[in-house]
$ cat run.txt   # compact mmCIF, C-alpha atoms
# COMPACT_ATOMS: atom_id res chain seq x y z
CA MET A 43 34.65 -78.11 -106.16
CA ILE A 44 34.80 -81.12 -103.91
CA PRO A 45 33.97 -84.36 -105.78
CA ILE A 46 30.44 -85.61 -105.06
CA ASN A 47 31.67 -89.04 -103.93
CA LYS A 48 34.09 -87.51 -101.42
CA LEU A 49 31.38 -85.19 -100.12
CA ALA A 50 29.01 -88.14 -99.73
CA ASP A 51 31.63 -90.13 -97.76
CA LEU A 52 32.06 -87.43 -95.11
CA PRO A 53 30.36 -87.73 -91.71
CA ARG A 54 26.86 -86.24 -91.96
CA SER A 55 27.51 -83.08 -89.92
CA GLN A 56 30.69 -82.31 -91.87
CA ARG A 57 28.97 -83.10 -95.19
CA LEU A 58 26.11 -80.70 -94.42
CA ARG A 59 28.47 -77.93 -93.29
CA LYS A 60 30.55 -78.17 -96.46
CA ALA A 61 27.44 -78.33 -98.64
CA SER A 62 25.94 -75.28 -96.92
CA LYS A 63 29.11 -73.36 -97.71
CA LEU A 64 28.88 -74.39 -101.37
CA PHE A 65 25.31 -73.15 -101.69
CA GLY A 66 25.89 -69.99 -99.67
CA GLU A 67 28.83 -68.97 -101.83
CA ALA A 68 26.95 -69.85 -105.01
CA GLU A 69 24.00 -67.69 -104.00
CA HIS A 70 26.34 -64.80 -103.22
CA ARG A 71 27.95 -65.06 -106.66
CA PHE A 72 24.52 -65.27 -108.24
CA VAL A 73 23.37 -62.08 -106.49
CA LEU A 74 26.45 -60.26 -107.78
CA SER A 75 26.36 -61.56 -111.35
CA GLY A 76 22.71 -62.37 -111.99
CA TYR A 77 23.37 -65.84 -113.40
CA LEU A 78 24.74 -69.27 -112.62
CA LEU A 79 27.08 -71.04 -115.02
CA ALA A 80 25.72 -74.27 -116.43
CA GLU A 81 28.58 -76.36 -115.06
CA GLU A 82 28.12 -75.00 -111.55
CA ALA A 83 24.35 -75.46 -111.73
CA GLU A 84 24.86 -79.06 -112.87
CA TYR A 85 27.30 -79.71 -110.01
CA LEU A 86 25.02 -78.17 -107.38
CA GLY A 87 22.08 -80.10 -108.82
CA ARG A 88 24.02 -83.32 -108.29
CA VAL A 89 24.92 -82.25 -104.75
CA THR A 90 21.24 -81.58 -104.09
CA GLU A 91 20.30 -84.96 -105.52
CA MET A 92 22.82 -86.59 -103.18
CA LEU A 93 21.43 -84.66 -100.22
CA ALA A 94 17.89 -85.71 -101.14
CA GLY A 95 18.95 -89.31 -100.56
CA ASP A 96 19.53 -88.50 -96.88
CA LYS A 97 16.49 -89.95 -95.13
CA ASP A 98 17.34 -88.10 -91.91
CA PHE A 99 15.77 -85.00 -93.42
CA CYS A 100 12.08 -84.50 -92.67
CA GLY A 101 9.56 -85.02 -95.45
CA ALA A 102 9.07 -81.31 -96.18
CA ALA A 103 12.84 -80.80 -96.44
CA LEU A 104 13.21 -83.76 -98.80
CA ASP A 105 10.44 -82.40 -101.02
CA ALA A 106 12.11 -78.97 -101.09
CA LEU A 107 15.48 -80.53 -101.96
CA LYS A 108 13.95 -82.46 -104.86
CA THR A 109 12.26 -79.32 -106.20
CA ALA A 110 15.54 -77.38 -105.93
CA GLN A 111 17.39 -80.19 -107.70
CA GLU A 112 14.95 -80.06 -110.61
CA SER A 113 15.34 -76.29 -110.85
CA LEU A 114 19.14 -76.40 -110.83
CA SER A 115 19.22 -79.20 -113.39
CA SER A 116 17.25 -77.06 -115.84
CA VAL A 117 19.53 -74.02 -115.68
CA ARG A 118 21.16 -73.03 -118.95
CA GLU A 119 24.48 -71.26 -119.18
CA ASN A 120 24.28 -67.56 -118.22
CA SER A 121 20.69 -68.00 -117.12
CA THR A 122 19.07 -64.87 -115.70
CA ASN A 123 16.12 -66.71 -114.16
CA SER A 124 16.75 -64.94 -110.88
CA GLU A 125 13.56 -66.01 -109.14
CA GLU A 126 13.69 -69.75 -109.74
CA THR A 127 17.46 -70.21 -109.68
CA ARG A 128 18.17 -68.07 -106.65
CA ARG A 129 15.23 -69.53 -104.76
CA ALA A 130 16.67 -73.02 -105.31
CA LEU A 131 20.09 -71.97 -104.01
CA ASN A 132 18.58 -70.10 -101.08
CA THR A 133 16.27 -72.97 -100.15
CA VAL A 134 19.02 -75.57 -100.00
CA TYR A 135 21.35 -73.22 -98.14
CA HIS A 136 18.85 -72.47 -95.38
CA LEU A 137 17.68 -76.08 -95.11
CA LEU A 138 21.28 -77.11 -94.46
CA LEU A 139 21.84 -74.32 -91.94
CA ALA A 140 18.70 -75.34 -90.06
CA GLU A 141 19.74 -79.00 -90.09
CA ILE A 142 23.11 -78.21 -88.48
CA GLY A 143 21.54 -75.76 -86.03
CA ARG A 144 22.81 -72.53 -87.49
CA TYR A 145 20.60 -69.60 -88.39
CA GLN A 146 21.47 -66.34 -90.05
CA ALA A 147 20.70 -63.01 -88.44
CA ASP A 148 18.37 -60.81 -90.48
CA TRP A 149 21.20 -58.49 -91.44
CA ASP A 150 23.15 -61.36 -93.01
CA PHE A 151 20.52 -62.14 -95.64
CA LEU A 152 21.62 -61.41 -99.19
CA GLY A 153 19.70 -58.71 -100.99
CA GLN A 154 19.68 -57.15 -104.44
CA GLU A 155 18.54 -53.67 -103.42
CA GLY A 156 21.89 -52.17 -102.45
CA SER A 157 21.93 -49.64 -105.28
CA LEU A 158 18.77 -47.55 -105.35
CA ASP A 159 17.82 -44.79 -107.76
CA PRO A 160 17.35 -41.51 -105.82
CA SER A 161 15.28 -40.07 -108.68
CA ARG A 162 12.51 -42.54 -107.87
CA ARG A 163 12.00 -41.05 -104.43
CA ARG A 164 8.74 -39.18 -103.85
CA PRO A 165 9.12 -37.82 -100.31
CA PHE A 166 6.42 -35.86 -98.55
CA PRO A 167 7.76 -32.33 -97.93
CA GLY A 168 8.09 -31.78 -94.21
CA MET A 169 7.78 -35.45 -93.18
CA GLN A 170 10.80 -35.85 -90.91
CA VAL A 171 11.95 -38.21 -88.18
CA TYR A 172 14.10 -37.89 -85.08
CA LEU A 173 15.68 -41.14 -83.85
CA GLU A 174 16.69 -40.70 -80.23
CA ASP A 175 19.29 -43.11 -78.85
CA ILE A 176 18.29 -46.11 -80.97
CA ARG A 177 21.13 -48.42 -79.92
CA SER A 178 20.77 -51.36 -82.29
CA PRO A 179 22.27 -50.97 -85.78
CA PHE A 180 19.66 -53.47 -86.97
CA ASN A 181 16.84 -51.23 -85.70
CA VAL A 182 18.43 -48.12 -87.21
CA GLY A 183 18.71 -49.83 -90.58
CA ALA A 184 15.14 -51.11 -90.42
CA MET A 185 13.88 -47.64 -89.52
CA PHE A 186 15.79 -46.08 -92.42
CA ARG A 187 14.20 -48.60 -94.75
CA ALA A 188 10.69 -47.92 -93.40
CA ALA A 189 11.22 -44.15 -93.45
CA GLU A 190 12.39 -44.20 -97.07
CA SER A 191 9.60 -46.54 -98.13
CA PHE A 192 6.89 -44.32 -96.67
CA GLY A 193 8.21 -41.02 -98.00
CA ALA A 194 10.23 -39.43 -95.21
CA GLU A 195 12.04 -36.30 -96.28
CA LYS A 196 14.86 -36.54 -93.73
CA ILE A 197 16.05 -38.39 -90.63
CA TRP A 198 17.71 -36.68 -87.67
CA LEU A 199 19.84 -38.74 -85.27
CA SER A 200 20.66 -38.10 -81.63
CA PRO A 201 24.36 -38.04 -80.68
CA LEU A 202 24.11 -41.53 -79.16
CA CYS A 203 22.09 -43.19 -81.92
CA ALA A 204 23.76 -46.19 -83.56
CA ASP A 205 25.72 -45.43 -86.73
CA PRO A 206 23.69 -45.87 -89.95
CA ARG A 207 26.99 -46.76 -91.61
CA HIS A 208 27.49 -49.75 -89.34
CA LYS A 209 27.58 -52.83 -91.57
CA ARG A 210 24.51 -54.31 -89.90
CA ALA A 211 22.56 -51.09 -90.31
CA GLU A 212 23.54 -50.77 -93.96
CA ARG A 213 22.66 -54.38 -94.73
CA THR A 214 19.25 -53.98 -93.09
CA ALA A 215 18.59 -50.60 -94.72
CA MET A 216 19.25 -52.15 -98.16
CA GLY A 217 20.62 -48.98 -99.75
CA CYS A 218 18.28 -46.49 -98.04
CA VAL A 219 21.09 -44.91 -96.00
CA ASP A 220 22.57 -43.70 -99.29
CA ILE A 221 19.47 -42.00 -100.70
CA LEU A 222 17.56 -40.75 -97.65
CA PRO A 223 19.05 -37.48 -96.29
CA TRP A 224 20.12 -37.76 -92.66
CA GLU A 225 22.06 -35.73 -90.15
CA ARG A 226 23.40 -36.38 -86.64
CA PHE A 227 23.24 -33.83 -83.86
CA SER A 228 26.52 -33.12 -82.08
CA ALA A 229 24.59 -32.38 -78.87
CA ASP A 230 21.17 -33.37 -77.55
CA PRO A 231 18.73 -30.84 -79.08
CA PHE A 232 16.22 -31.18 -76.23
CA THR A 233 18.44 -30.57 -73.19
CA GLY A 234 19.11 -27.22 -71.56
CA THR A 235 16.83 -24.24 -71.36
CA ALA A 236 14.60 -23.21 -74.22
CA GLY A 237 16.92 -20.33 -75.05
CA SER A 238 20.01 -22.54 -75.23
CA ARG A 239 18.56 -25.43 -77.24
CA VAL A 240 19.51 -25.65 -80.88
CA VAL A 241 16.62 -27.36 -82.66
CA PRO A 242 16.67 -26.92 -86.45
CA PHE A 243 13.02 -27.82 -86.78
CA SER A 244 9.94 -26.07 -85.50
CA GLU A 245 9.04 -27.04 -81.94
CA ASP A 246 5.34 -26.70 -82.71
CA SER A 247 5.48 -29.66 -85.11
CA LEU A 248 6.76 -32.42 -82.82
CA PHE A 249 4.96 -35.64 -81.91
CA ALA A 250 6.15 -38.78 -80.18
CA LEU A 251 5.69 -42.50 -80.74
CA GLU A 252 5.12 -43.48 -77.13
CA THR A 253 2.66 -45.18 -74.80
CA GLY A 254 -0.13 -43.24 -73.15
CA GLY A 255 -1.00 -41.19 -76.23
CA THR A 256 -3.77 -40.94 -78.78
CA PRO A 257 -4.57 -44.32 -80.35
CA LEU A 258 -3.13 -44.64 -83.84
CA GLY A 259 -6.52 -44.80 -85.52
CA ASP A 260 -7.60 -41.51 -83.93
CA PHE A 261 -4.39 -39.52 -84.27
CA VAL A 262 -4.41 -36.69 -86.81
CA PHE A 263 -0.99 -36.54 -88.38
CA PRO A 264 0.44 -33.17 -89.42
CA SER A 265 1.12 -32.27 -93.04
CA ARG A 266 4.58 -31.21 -91.86
CA GLY A 267 6.06 -32.60 -88.68
CA ILE A 268 8.79 -34.50 -86.87
CA LEU A 269 8.09 -37.94 -85.45
CA ILE A 270 10.23 -38.77 -82.40
CA ALA A 271 11.08 -42.44 -81.78
CA GLY A 272 13.12 -43.35 -78.72
CA SER A 273 15.40 -45.89 -77.11
CA GLU A 274 14.50 -49.58 -77.27
CA GLU A 275 14.96 -49.92 -73.49
CA LEU A 276 14.05 -46.55 -72.02
CA GLY A 277 11.72 -44.99 -74.54
CA ILE A 278 11.82 -41.28 -75.35
CA SER A 279 13.73 -39.04 -72.96
CA PRO A 280 11.68 -36.87 -70.57
CA GLN A 281 12.96 -33.71 -72.29
CA ALA A 282 11.97 -34.80 -75.80
CA LEU A 283 8.68 -36.20 -74.54
CA ALA A 284 7.87 -32.91 -72.81
CA ALA A 285 8.58 -31.05 -76.06
CA ALA A 286 6.20 -33.38 -77.94
CA ASP A 287 3.52 -33.12 -75.25
CA THR A 288 3.51 -29.32 -75.54
CA SER A 289 3.41 -29.59 -79.32
CA LEU A 290 1.35 -32.22 -81.19
CA GLY A 291 1.33 -34.88 -78.50
CA ARG A 292 1.83 -38.63 -78.60
CA VAL A 293 0.62 -41.38 -80.88
CA SER A 294 0.28 -44.91 -79.49
CA ILE A 295 -0.35 -48.28 -81.10
CA PRO A 296 -3.06 -50.32 -79.35
CA THR A 297 -2.09 -53.97 -78.78
CA TRP A 298 -4.10 -56.97 -77.65
CA GLY A 299 -1.43 -59.56 -76.90
CA ALA A 300 0.17 -60.68 -73.66
CA LYS A 301 3.44 -58.91 -74.53
CA GLY A 302 1.80 -55.52 -74.93
CA SER A 303 4.74 -53.98 -76.79
CA LEU A 304 6.42 -54.04 -80.19
CA ASN A 305 9.99 -53.82 -81.43
CA VAL A 306 10.72 -50.13 -82.01
CA SER A 307 11.41 -50.58 -85.72
CA VAL A 308 8.15 -52.51 -86.20
CA ALA A 309 6.14 -49.87 -84.32
CA PHE A 310 7.90 -47.13 -86.28
CA GLY A 311 7.02 -48.77 -89.61
CA ILE A 312 3.36 -49.08 -88.63
CA VAL A 313 3.12 -45.40 -87.69
CA MET A 314 4.98 -44.23 -90.79
CA GLN A 315 2.58 -46.13 -93.04
CA VAL A 316 -0.47 -44.55 -91.41
CA TRP A 317 1.10 -41.09 -91.58
CA ALA A 318 1.85 -41.53 -95.28
CA SER A 319 -1.64 -42.85 -95.91
CA GLN A 320 -3.17 -39.74 -94.31
CA LEU A 321 -0.88 -37.45 -96.32
CA THR A 322 -1.97 -39.02 -99.61
CA LYS A 323 -5.55 -38.05 -98.81
CA LEU A 324 -4.81 -34.36 -98.21
$ encode --input "run.txt" --output "structure tokens"
Amino acid sequence: MIPINKLADLPRSQRLRKASKLFGEAEHRFVLSGYLLAEEAEYLGRVTEMLAGDKDFCGAALDALKTAQESLSSVRENSTNSEETRRALNTVYHLLLAEIGRYQADWDFLGQEGSLDPSRRRPFPGMQVYLEDIRSPFNVGAMFRAAESFGAEKIWLSPLCADPRHKRAERTAMGCVDILPWERFSADPFTGTAGSRVVPFSEDSLFALETGGTPLGDFVFPSRGILIAGSEELGISPQALAAADTSLGRVSIPTWGAKGSLNVSVAFGIVMQVWASQLTKL
């Protein structure tokens, strides 16, 4: 650990970068072990106290640094106060990143949900999802997390869908890739003639998350069905959309803002929650 006096003597930008690394690494160790050693907590408390003397921070940041310093100073050896201790580490870390103009992507946040208990799952039988050409690993991970949270039985992936095992997808899914059954098609299940398509689910139970459909509040979700969600840029393919239109149709989310559209993983989560809510009332 770099001596406090040497850290304080560094140019401000270098001092903040080195301090952010100290707190980032400490938080990572805390997530893995569940505690912070007293000597490390004392050291980081002193670093925080030194940082709180930097009047170039805004008032809110200075207040947060002082609160974090008090929290770290009160840590006892092998403390398991995960909420207070980790929040102090996390607060200082992100304040320093913001001050030097660096921001983490969502998939880089540290989480404690990587190991989930499959026995706690209560999926709705027949609630399935088809992700068609979702290109972003972040979106795939977010959609796995939403699908698992709202009781999906299984996820099907198109051949060109991003890999759920990509590190960004796995970080965003927070363990859900491991406990939610999923399978990737080797060929597009909606291309070709009806006789040549290989679709392992019933084609009379398909519906699409797409514009121009029944408003979400009016859509009657099936007790067993497959929700199709499509590409971030292009939406659902004409072939898959045609299959949904001849089956259960489309569900759309009304919006009132200037943008008029949502990120696909956000829209997917909204629809999954409403579907699950309807199923609980059956």
$ residues_around --input "run.txt" --residues "segment 263-273 of chain A" --least-positions-apart "2" --cutoff "6 Å" --atoms "all atoms listed in the file" --output "PyMOL selection string"
chain A and resi 168-176+247-251+275-278+317
$ residues_around --input "run.txt" --residues "Ala50 of chain A" --least-positions-apart "6" --cutoff "12 Å" --atoms "all atoms listed in the file" --output "list in words"
Ile44, Gln56, Arg57, Leu58, Lys60, Ala61, Arg88, Val89, Thr90, Glu91, Met92, Leu93, Ala94, Gly95 and Asp96 of chain A
$ write_last_selection --input "run.txt" --atoms "C-alpha atoms" --output "PDB file, in the coordinates of the input"
ATOM      1  CA  ILE A  44      34.800 -81.120-103.910  1.00  0.00           C
ATOM      2  CA  GLN A  56      30.690 -82.310 -91.870  1.00  0.00           C
ATOM      3  CA  ARG A  57      28.970 -83.100 -95.190  1.00  0.00           C
ATOM      4  CA  LEU A  58      26.110 -80.700 -94.420  1.00  0.00           C
ATOM      5  CA  LYS A  60      30.550 -78.170 -96.460  1.00  0.00           C
ATOM      6  CA  ALA A  61      27.440 -78.330 -98.640  1.00  0.00           C
ATOM      7  CA  ARG A  88      24.020 -83.320-108.290  1.00  0.00           C
ATOM      8  CA  VAL A  89      24.920 -82.250-104.750  1.00  0.00           C
ATOM      9  CA  THR A  90      21.240 -81.580-104.090  1.00  0.00           C
ATOM     10  CA  GLU A  91      20.300 -84.960-105.520  1.00  0.00           C
ATOM     11  CA  MET A  92      22.820 -86.590-103.180  1.00  0.00           C
ATOM     12  CA  LEU A  93      21.430 -84.660-100.220  1.00  0.00           C
ATOM     13  CA  ALA A  94      17.890 -85.710-101.140  1.00  0.00           C
ATOM     14  CA  GLY A  95      18.950 -89.310-100.560  1.00  0.00           C
ATOM     15  CA  ASP A  96      19.530 -88.500 -96.880  1.00  0.00           C
TER      16      ASP A  96
END
$ atom_distance --input "run.txt" --atom1 "atom CA of Pro206 of chain A" --atom2 "atom CA of Gln281 of chain A"
24.0 Å
$ atom_distance --input "run.txt" --atom1 "atom CA of Glu84 of chain A" --atom2 "atom CA of Ala68 of chain A"
12.3 Å
$ atom_distance --input "run.txt" --atom1 "atom CA of Thr253 of chain A" --atom2 "atom CA of Cys203 of chain A"
20.8 Å
$ closest_residue --input "run.txt" --among "A:Pro179, A:Gly255, A:Pro160, A:Gly302" --to "Gly217 of chain A" --atoms "only C-alpha atoms"
A:Pro160
$ residues_around --input "run.txt" --residues "Gly254 of chain A" --least-positions-apart "5" --cutoff "10 Å" --atoms "only C-alpha atoms" --output "ChimeraX atom specification"
/A:292-296
$ closest_residue --input "run.txt" --among "A:Leu324, A:Leu137, A:Ala188, A:Leu290" --to "Phe310 of chain A" --atoms "only C-alpha atoms"
A:Ala188
$ residues_around --input "run.txt" --residues "Ala140 of chain A" --least-positions-apart "3" --cutoff "12 Å" --atoms "all atoms listed in the file" --output "short mmCIF file (atom, residue, chain, number, x, y, z; two decimals) with C-alpha atoms, in the frame of the given file"
data_model
loop_
_atom_site.label_atom_id
_atom_site.label_comp_id
_atom_site.auth_asym_id
_atom_site.auth_seq_id
_atom_site.Cartn_x
_atom_site.Cartn_y
_atom_site.Cartn_z
CA SER A 55 27.51 -83.08 -89.92
CA LEU A 58 26.11 -80.70 -94.42
CA ARG A 59 28.47 -77.93 -93.29
CA SER A 62 25.94 -75.28 -96.92
CA PHE A 99 15.77 -85.00 -93.42
CA CYS A 100 12.08 -84.50 -92.67
CA ALA A 103 12.84 -80.80 -96.44
CA THR A 133 16.27 -72.97 -100.15
CA VAL A 134 19.02 -75.57 -100.00
CA TYR A 135 21.35 -73.22 -98.14
CA HIS A 136 18.85 -72.47 -95.38
CA LEU A 137 17.68 -76.08 -95.11
CA GLY A 143 21.54 -75.76 -86.03
CA ARG A 144 22.81 -72.53 -87.49
CA TYR A 145 20.60 -69.60 -88.39
CA GLN A 146 21.47 -66.34 -90.05
#
$ residues_around --input "run.txt" --residues "Phe180 of chain A" --least-positions-apart "4" --cutoff "7 Å" --atoms "all atoms listed in the file" --output "list of chain:residue names"
A:Trp149, A:Ala184, A:Arg210, A:Ala211, A:Thr214
$ closest_residue --input "run.txt" --among "A:Arg71, A:Arg128, A:Lys196, A:Lys48" --to "Arg226 of chain A" --atoms "all atoms listed in the file"
A:Lys196
$ build_atoms --input "run.txt" --residues "segment 86-119 of chain A" --atoms "N, CA and C atoms" --output "compact mmCIF listing (two decimals), in the coordinates of the input"
# COMPACT_ATOMS: atom_id res chain seq x y z
N LEU A 86 25.86 -78.39 -108.56
CA LEU A 86 25.02 -78.17 -107.38
C LEU A 86 23.74 -79.00 -107.45
N GLY A 87 23.24 -79.22 -108.67
CA GLY A 87 22.08 -80.10 -108.82
C GLY A 87 22.40 -81.51 -108.37
N ARG A 88 23.60 -81.98 -108.70
CA ARG A 88 24.02 -83.32 -108.29
C ARG A 88 24.24 -83.39 -106.78
N VAL A 89 24.76 -82.31 -106.21
CA VAL A 89 24.92 -82.25 -104.75
C VAL A 89 23.54 -82.32 -104.08
N THR A 90 22.60 -81.58 -104.64
CA THR A 90 21.24 -81.58 -104.09
C THR A 90 20.60 -82.95 -104.20
N GLU A 91 20.84 -83.61 -105.33
CA GLU A 91 20.30 -84.96 -105.52
C GLU A 91 20.88 -85.92 -104.48
N MET A 92 22.18 -85.76 -104.20
CA MET A 92 22.82 -86.59 -103.18
C MET A 92 22.23 -86.30 -101.80
N LEU A 93 22.01 -85.03 -101.51
CA LEU A 93 21.43 -84.66 -100.22
C LEU A 93 20.01 -85.20 -100.07
N ALA A 94 19.27 -85.23 -101.18
CA ALA A 94 17.89 -85.71 -101.14
C ALA A 94 17.80 -87.19 -100.84
N GLY A 95 18.93 -87.90 -100.92
CA GLY A 95 18.95 -89.31 -100.56
C GLY A 95 19.16 -89.53 -99.08
N ASP A 96 19.33 -88.43 -98.32
CA ASP A 96 19.53 -88.50 -96.88
C ASP A 96 18.17 -88.58 -96.19
N LYS A 97 17.81 -89.75 -95.71
CA LYS A 97 16.49 -89.95 -95.13
C LYS A 97 16.35 -89.36 -93.73
N ASP A 98 17.44 -88.76 -93.22
CA ASP A 98 17.34 -88.10 -91.91
C ASP A 98 16.67 -86.74 -92.01
N PHE A 99 16.53 -86.23 -93.23
CA PHE A 99 15.77 -85.00 -93.42
C PHE A 99 14.29 -85.30 -93.24
N CYS A 100 13.53 -84.32 -92.77
CA CYS A 100 12.08 -84.50 -92.67
C CYS A 100 11.47 -84.50 -94.07
N GLY A 101 10.21 -84.90 -94.15
CA GLY A 101 9.56 -85.02 -95.45
C GLY A 101 9.49 -83.71 -96.21
N ALA A 102 9.17 -82.61 -95.51
CA ALA A 102 9.07 -81.31 -96.18
C ALA A 102 10.43 -80.88 -96.73
N ALA A 103 11.50 -81.16 -95.97
CA ALA A 103 12.84 -80.80 -96.44
C ALA A 103 13.23 -81.62 -97.66
N LEU A 104 12.90 -82.90 -97.66
CA LEU A 104 13.21 -83.76 -98.80
C LEU A 104 12.46 -83.29 -100.05
N ASP A 105 11.21 -82.90 -99.88
CA ASP A 105 10.44 -82.40 -101.02
C ASP A 105 11.07 -81.12 -101.57
N ALA A 106 11.50 -80.23 -100.66
CA ALA A 106 12.11 -78.97 -101.09
C ALA A 106 13.44 -79.23 -101.80
N LEU A 107 14.21 -80.20 -101.31
CA LEU A 107 15.48 -80.53 -101.96
C LEU A 107 15.25 -81.07 -103.37
N LYS A 108 14.25 -81.90 -103.54
CA LYS A 108 13.95 -82.46 -104.86
C LYS A 108 13.50 -81.36 -105.83
N THR A 109 12.70 -80.43 -105.35
CA THR A 109 12.26 -79.32 -106.20
C THR A 109 13.45 -78.45 -106.60
N ALA A 110 14.34 -78.18 -105.64
CA ALA A 110 15.54 -77.38 -105.93
C ALA A 110 16.44 -78.10 -106.93
N GLN A 111 16.56 -79.42 -106.78
CA GLN A 111 17.39 -80.19 -107.70
C GLN A 111 16.87 -80.09 -109.12
N GLU A 112 15.56 -80.17 -109.29
CA GLU A 112 14.95 -80.06 -110.61
C GLU A 112 15.21 -78.68 -111.22
N SER A 113 15.11 -77.65 -110.37
CA SER A 113 15.34 -76.29 -110.85
C SER A 113 16.78 -76.09 -111.30
N LEU A 114 17.72 -76.57 -110.50
CA LEU A 114 19.14 -76.40 -110.83
C LEU A 114 19.51 -77.22 -112.07
N SER A 115 18.91 -78.35 -112.23
CA SER A 115 19.22 -79.20 -113.39
C SER A 115 18.75 -78.58 -114.70
N SER A 116 17.80 -77.66 -114.63
CA SER A 116 17.25 -77.06 -115.84
C SER A 116 17.91 -75.74 -116.22
N VAL A 117 18.87 -75.30 -115.40
CA VAL A 117 19.53 -74.02 -115.68
C VAL A 117 20.41 -74.12 -116.91
N ARG A 118 20.27 -73.13 -117.79
CA ARG A 118 21.16 -73.03 -118.95
C ARG A 118 22.27 -72.04 -118.66
N GLU A 119 23.33 -72.14 -119.39
CA GLU A 119 24.48 -71.26 -119.18
C GLU A 119 24.06 -69.79 -119.28
